[in-house]
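Structure file run-v6.csv (CSV, C-alpha atoms) is printed below.
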```csv
chain,number,residue,atom,x,y,z
A,21,ALA,CA,121.2,54.2,81.2
A,22,GLN,CA,117.6,54.7,80.4
A,23,THR,CA,115.2,51.8,80.4
A,24,VAL,CA,111.6,51.4,79.2
A,25,THR,CA,109.2,48.8,80.6
A,26,GLN,CA,106.0,47.7,79.1
A,27,SER,CA,104.4,45.4,81.6
A,28,GLN,CA,101.6,44.0,79.4
A,29,PRO,CA,102.9,41.6,76.8
A,30,GLU,CA,99.5,41.0,75.3
A,31,MET,CA,96.1,42.6,75.4
A,32,SER,CA,92.8,41.9,73.6
A,33,VAL,CA,89.7,44.0,73.4
A,34,GLN,CA,86.5,44.2,71.3
A,35,GLU,CA,86.1,46.6,68.5
A,36,ALA,CA,84.9,50.0,69.6
A,37,GLU,CA,86.1,49.6,73.1
A,38,THR,CA,88.7,51.8,74.8
A,39,VAL,CA,92.1,50.3,75.7
A,40,THR,CA,95.0,51.6,77.7
A,41,LEU,CA,98.6,50.4,77.2
A,42,SER,CA,101.0,51.0,80.0
A,43,CYS,CA,104.6,52.2,79.8
A,44,THR,CA,107.1,53.2,82.5
A,45,TYR,CA,110.6,54.4,82.1
A,46,ASP,CA,113.6,55.2,84.2
A,47,THR,CA,115.8,58.3,83.7
A,48,SER,CA,117.6,60.9,85.8
A,49,GLU,CA,117.1,63.5,83.1
A,50,SER,CA,114.4,66.3,83.4
A,51,ASN,CA,114.1,66.9,79.7
A,52,TYR,CA,113.4,64.2,77.2
A,53,TYR,CA,110.9,62.9,74.6
A,54,LEU,CA,108.5,59.9,74.6
A,55,PHE,CA,107.0,58.1,71.7
A,56,TRP,CA,104.5,55.4,70.9
A,57,TYR,CA,105.2,53.4,67.7
A,58,LYS,CA,102.8,50.9,66.2
A,59,GLN,CA,104.1,47.8,64.3
A,60,PRO,CA,101.3,46.1,62.4
A,61,PRO,CA,101.7,42.7,60.8
A,62,SER,CA,103.5,44.3,57.8
A,63,ARG,CA,106.3,45.0,60.4
A,64,GLN,CA,106.7,48.7,59.5
A,65,MET,CA,107.2,51.0,62.4
A,66,ILE,CA,104.7,53.8,62.4
A,67,LEU,CA,104.7,56.8,64.7
A,68,VAL,CA,101.5,57.0,66.7
A,69,ILE,CA,102.2,59.9,69.1
A,70,ARG,CA,105.0,62.0,70.5
A,71,GLN,CA,105.3,63.8,73.9
A,72,GLU,CA,107.8,66.4,75.1
A,73,ALA,CA,108.6,66.0,78.7
A,74,TYR,CA,108.7,69.7,79.4
A,75,LYS,CA,105.1,70.1,78.2
A,76,GLN,CA,102.5,69.2,80.8
A,77,GLN,CA,99.7,68.9,78.4
A,78,ASN,CA,99.1,65.4,77.2
A,79,ALA,CA,99.5,64.8,73.5
A,80,THR,CA,96.5,63.7,71.4
A,81,GLU,CA,96.2,62.4,67.9
A,82,ASN,CA,92.6,61.7,66.9
A,83,ARG,CA,91.6,58.5,68.7
A,84,PHE,CA,95.0,58.2,70.4
A,85,SER,CA,95.9,60.1,73.5
A,86,VAL,CA,98.5,59.7,76.3
A,87,ASN,CA,98.5,60.1,80.0
A,88,PHE,CA,101.9,61.5,80.8
A,89,GLN,CA,102.8,61.4,84.5
A,90,LYS,CA,106.3,62.8,84.8
A,91,ALA,CA,106.8,62.3,88.5
A,92,ALA,CA,105.7,58.7,88.3
A,93,LYS,CA,107.7,58.2,85.0
A,94,SER,CA,104.6,56.8,83.4
A,95,PHE,CA,103.5,57.2,79.8
A,96,SER,CA,100.3,55.3,78.9
A,97,LEU,CA,98.6,55.2,75.6
A,98,LYS,CA,94.8,55.3,75.3
A,99,ILE,CA,93.1,54.1,72.2
A,100,SER,CA,89.4,55.2,72.0
A,101,ASP,CA,86.8,53.6,69.7
A,102,SER,CA,89.3,50.8,68.8
A,103,GLN,CA,89.3,49.5,65.2
A,104,LEU,CA,90.4,46.3,63.6
A,105,GLY,CA,93.2,48.2,62.0
A,106,ASP,CA,94.6,49.0,65.4
A,107,THR,CA,95.7,45.4,65.8
A,108,ALA,CA,99.5,45.6,66.1
A,109,MET,CA,102.5,45.6,68.4
A,110,TYR,CA,102.8,48.8,70.2
A,111,PHE,CA,106.2,50.0,71.4
A,112,CYS,CA,106.9,52.8,73.9
A,113,ALA,CA,110.2,54.6,73.3
A,114,PHE,CA,112.4,57.2,75.1
A,115,MET,CA,114.7,59.7,73.6
A,116,SER,CA,117.1,61.9,75.6
A,117,HIS,CA,117.2,65.6,75.0
A,118,GLN,CA,121.0,65.6,75.0
A,119,GLY,CA,123.6,63.2,73.8
A,120,ALA,CA,122.7,60.6,71.2
A,121,GLN,CA,119.4,61.1,69.6
A,122,LYS,CA,118.5,57.4,69.8
A,123,LEU,CA,115.3,55.7,70.7
A,124,VAL,CA,115.3,53.3,73.6
A,125,PHE,CA,112.4,50.9,73.2
A,126,GLY,CA,110.3,48.8,75.5
A,127,GLN,CA,109.6,45.2,74.8
A,128,GLY,CA,106.2,45.9,73.2
A,129,THR,CA,102.6,45.1,73.8
A,130,ARG,CA,100.7,42.9,71.3
A,131,LEU,CA,97.2,44.4,70.9
A,132,THR,CA,94.5,42.4,69.2
A,133,ILE,CA,91.2,44.1,68.4
A,134,ASN,CA,88.4,41.5,68.0
A,135,PRO,CA,85.3,42.0,65.8
B,27,ASP,CA,104.9,55.6,53.3
B,28,SER,CA,107.5,57.1,55.6
B,29,GLY,CA,109.7,58.2,52.8
B,30,VAL,CA,112.6,56.1,54.1
B,31,THR,CA,113.6,53.5,51.5
B,32,GLN,CA,115.4,50.3,52.3
B,33,THR,CA,116.7,47.6,50.0
B,34,PRO,CA,116.6,44.6,49.8
B,35,LYS,CA,113.4,43.8,51.6
B,36,HIS,CA,114.3,40.2,52.1
B,37,LEU,CA,117.5,38.2,51.7
B,38,ILE,CA,118.7,34.8,52.7
B,39,THR,CA,122.3,34.0,53.0
B,40,ALA,CA,124.7,31.4,54.4
B,41,THR,CA,126.7,31.6,57.6
B,42,GLY,CA,130.1,33.2,57.1
B,43,GLN,CA,128.9,35.4,54.2
B,44,ARG,CA,128.7,39.2,54.0
B,45,VAL,CA,125.7,41.3,53.0
B,46,THR,CA,125.1,45.0,52.5
B,47,LEU,CA,121.8,46.7,53.4
B,48,ARG,CA,121.0,50.0,51.7
B,49,CYS,CA,119.0,52.9,52.9
B,50,SER,CA,117.8,56.3,51.5
B,51,PRO,CA,116.6,58.7,54.1
B,52,ARG,CA,113.6,61.0,53.7
B,53,SER,CA,114.3,64.1,51.6
B,54,GLY,CA,116.0,66.7,53.7
B,55,ASP,CA,116.8,64.4,56.6
B,56,LEU,CA,120.5,64.4,57.6
B,57,SER,CA,120.4,61.8,60.3
B,58,VAL,CA,120.3,58.1,59.5
B,59,TYR,CA,119.9,55.4,62.2
B,60,TRP,CA,120.1,51.6,62.0
B,61,TYR,CA,118.2,49.4,64.3
B,62,GLN,CA,118.0,45.6,64.7
B,63,GLN,CA,114.8,43.8,65.7
B,64,SER,CA,115.2,40.2,66.8
B,65,LEU,CA,113.0,37.9,68.9
B,66,ASP,CA,115.4,37.7,71.8
B,67,GLN,CA,116.8,41.2,71.8
B,68,GLY,CA,113.9,43.3,70.8
B,69,LEU,CA,114.6,46.6,69.1
B,70,GLN,CA,118.2,47.6,69.5
B,71,PHE,CA,119.9,50.8,68.3
B,72,LEU,CA,123.0,50.0,66.3
B,73,ILE,CA,124.4,53.3,65.0
B,74,GLN,CA,123.6,56.8,63.9
B,75,TYR,CA,125.1,59.0,61.2
B,76,TYR,CA,124.6,62.7,60.8
B,77,ASN,CA,125.6,64.3,57.5
B,78,GLY,CA,128.2,61.7,56.8
B,79,GLU,CA,129.7,61.6,60.2
B,80,GLU,CA,129.2,58.9,62.8
B,81,ARG,CA,127.3,60.5,65.7
B,82,ALA,CA,126.4,57.6,68.1
B,83,LYS,CA,127.1,54.0,68.4
B,84,GLY,CA,125.0,51.4,70.2
B,85,ASN,CA,125.1,47.6,70.4
B,86,ILE,CA,126.8,47.2,67.1
B,87,LEU,CA,129.0,44.1,66.7
B,88,GLU,CA,132.6,44.5,65.4
B,89,ARG,CA,131.6,42.4,62.4
B,90,PHE,CA,129.1,45.1,61.4
B,91,SER,CA,130.0,48.4,59.9
B,92,ALA,CA,128.1,51.3,58.4
B,93,GLN,CA,128.7,54.5,56.5
B,94,GLN,CA,126.8,57.5,55.2
B,95,PHE,CA,127.7,58.8,51.8
B,96,PRO,CA,127.8,62.4,50.5
B,97,ASP,CA,124.3,61.9,48.9
B,98,LEU,CA,123.2,60.9,52.5
B,99,HIS,CA,122.2,57.4,51.6
B,100,SER,CA,123.6,54.8,54.1
B,101,GLU,CA,124.8,51.3,54.0
B,102,LEU,CA,125.0,48.7,56.7
B,103,ASN,CA,127.6,46.0,56.1
B,104,LEU,CA,127.2,42.7,58.0
B,105,SER,CA,130.1,40.2,57.7
B,106,SER,CA,131.0,36.7,58.9
B,107,LEU,CA,127.3,36.2,59.4
B,108,GLU,CA,126.1,33.9,62.1
B,109,LEU,CA,122.7,32.3,62.6
B,110,GLY,CA,122.0,34.7,65.4
B,111,ASP,CA,122.3,37.7,63.0
B,112,SER,CA,118.9,36.7,61.5
B,113,ALA,CA,116.7,39.7,62.2
B,114,LEU,CA,114.8,42.6,60.8
B,115,TYR,CA,117.1,45.5,60.2
B,116,PHE,CA,115.5,49.0,60.1
B,117,CYS,CA,116.9,52.1,58.7
B,118,ALA,CA,115.4,55.4,60.0
B,119,SER,CA,115.9,59.1,59.5
B,120,SER,CA,115.1,62.4,61.1
B,121,ALA,CA,115.3,66.0,60.2
B,122,PRO,CA,118.1,68.3,61.3
B,123,GLY,CA,117.6,71.0,63.9
B,124,ALA,CA,116.2,70.6,67.4
B,125,PRO,CA,116.7,67.4,69.4
B,126,GLY,CA,113.7,65.2,69.8
B,127,ASN,CA,112.7,65.2,66.2
B,128,THR,CA,110.6,62.3,65.2
B,129,ILE,CA,112.5,59.3,63.8
B,130,TYR,CA,110.8,57.8,60.7
B,131,PHE,CA,111.4,54.2,59.9
B,132,GLY,CA,111.7,52.3,56.6
B,133,GLU,CA,110.0,49.0,56.0
B,134,GLY,CA,113.0,47.0,57.1
B,135,SER,CA,115.3,44.4,55.5
B,136,TRP,CA,114.6,40.9,56.6
B,137,LEU,CA,117.8,38.9,56.9
B,138,THR,CA,117.8,35.2,57.3
B,139,VAL,CA,121.1,33.4,57.8
B,140,VAL,CA,121.0,29.7,57.2
```

Step by step, read the file and then write its structure as structure tokens.
Amino acid sequence: AQTVTQSQPEMSVQEAETVTLSCTYDTSESNYYLFWYKQPPSRQMILVIRQEAYKQQNATENRFSVNFQKAAKSFSLKISDSQLGDTAMYFCAFMSHQGAQKLVFGQGTRLTINP
Amino acid sequence: DSGVTQTPKHLITATGQRVTLRCSPRSGDLSVYWYQQSLDQGLQFLIQYYNGEERAKGNILERFSAQQFPDLHSELNLSSLELGDSALYFCASSAPGAPGNTIYFGEGSWLTVV
């Protein structure tokens, strides 16, 4: 079974700084999908970014980008010019290309942006 | 707003009782998923339905059941409730077609069992 590990339970940075959240996963599959979701204090799960494993180019969404290292099974999220509204729990998630289209989540990283 | 609607947003009930959580997926989405988020277990996949049929099952207890109706809304039934069932229950949906489509989450239903 696939597993997702987020090794940083909590992180804290100053507003406008850049922060990188780590995620590693374990799978024997070659084709899959990776996601970062954000869960602010409102508790809603919001998609931040999506990566397809067969695409070597790292996904980018405005201030959010990923560093996808397939061989290392690593999928880190970089937030540039961090804002107070980025304060949230961030979850890394894995989805297999075949079989059940379910998300396997890591334990999350609590990110606090300080003014 | 993800377009996934869940009701109720909050409910408090006693041990041994039964509750039903309701979900309407995004317009056009055929897949509905249920997830449970608790402090000790994190985010766990419970079950997936696709166009009315059960597609995948995760860590769903036998006391829990779900269904997806012809209009594609879904219900999660939780019975013989225990204190440990207190959690945030998410419904999510995704579009049909290629695998790997993004899964969009509702705001969740907070269940407190006392």

Near chain A, 9 Å: chain B residue rows, closest pairs, all atoms listed in the file, as a Markdown table:
```
| residue | atom | partner | partner_atom | distance |
| --- | --- | --- | --- | --- |
| B:Ser28 | CA | A:Ile66 | CA | 8.1 |
| B:Tyr59 | CA | A:Lys122 | CA | 8.0 |
| B:Gln67 | CA | A:Gln127 | CA | 8.8 |
| B:Gly68 | CA | A:Gln127 | CA | 6.2 |
| B:Leu69 | CA | A:Phe125 | CA | 6.3 |
| B:Gln70 | CA | A:Val124 | CA | 7.6 |
| B:Phe71 | CA | A:Lys122 | CA | 6.9 |
| B:Ile73 | CA | A:Lys122 | CA | 8.6 |
| B:Gln74 | CA | A:Lys122 | CA | 7.8 |
| B:Arg81 | CA | A:Ala120 | CA | 7.2 |
| B:Ala82 | CA | A:Ala120 | CA | 5.7 |
| B:Lys83 | CA | A:Ala120 | CA | 8.4 |
| B:Gly84 | CA | A:Lys122 | CA | 8.9 |
| B:Leu114 | CA | A:Arg63 | CA | 8.8 |
| B:Phe116 | CA | A:Gln64 | CA | 8.8 |
| B:Pro125 | CA | A:His117 | CA | 5.9 |
| B:Gly126 | CA | A:Tyr53 | CA | 6.0 |
| B:Asn127 | CA | A:Gln121 | CA | 8.6 |
| B:Thr128 | CA | A:Arg70 | CA | 7.7 |
| B:Ile129 | CA | A:Leu67 | CA | 8.2 |
| B:Tyr130 | CA | A:Leu67 | CA | 7.4 |
| B:Phe131 | CA | A:Met65 | CA | 5.8 |
| B:Gly132 | CA | A:Gln64 | CA | 6.8 |
| B:Glu133 | CA | A:Gln64 | CA | 4.8 |
| B:Gly134 | CA | A:Gln64 | CA | 7.0 |
```

With a distance cut-off of 8 Å and all atoms listed in the file, select the neighbouring residues of Thr39 in chain B, excluding the residue or stretch itself and same-chain residues fewer than 5 positions from it, and output the selection as a ChimeraX atom specification.
/B:137-140

CA of Trp60 in chain B to CA of Ser112 in chain B, straight-line distance in Å
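So the answer is 15.0 Å.
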
Might you pull out every residue within 12 Å of range 30-40 of chain A, with all atoms listed in the file counted and same-chain residues fewer than 5 positions away left off, and present them as a VMD selection string?
chain A and resid 83 to 87 95 to 111 127 to 135

Pairwise distance, CA of Glu49 in chain A with CA of Ala121 in chain B, equals 23.1 Å

Can you tell me which residues surround range 41-46 of chain A at a distance of at most 6 Å, considering all atoms listed in the file, apart from same-chain residues fewer than 6 positions away, and format the answer as a list in words?
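The residues satisfying every condition are Gln22, Thr23, Val24, Thr25, Gln26, Lys93, Ser94, Phe95, Ser96 and Leu97 of chain A.
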
Looking at B:Leu65, B:Val58, B:Cys117, B:Ala40, which one is nearest to Glu80 in chain B, with distances taken over only C-alpha atoms?
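Checking each of B:Leu65, B:Val58, B:Cys117, B:Ala40 against Glu80 in chain B, counting only C-alpha atoms, the winner is B:Val58.
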
Would you work out the distance separating CA of Thr46 in chain B from CA of Asp66 in chain B, expressed in Å to one decimal?
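These atoms are spaced 22.8 Å apart.
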
Identify, on the basis of all atoms listed in the file, every residue whose closest approach to Tyr115 in chain B does not exceed 7 Å; exclude the query and any residue fewer than 2 positions from it along the same chain; express the result as a ChimeraX atom specification.
/B:61-63,113,117,134-136
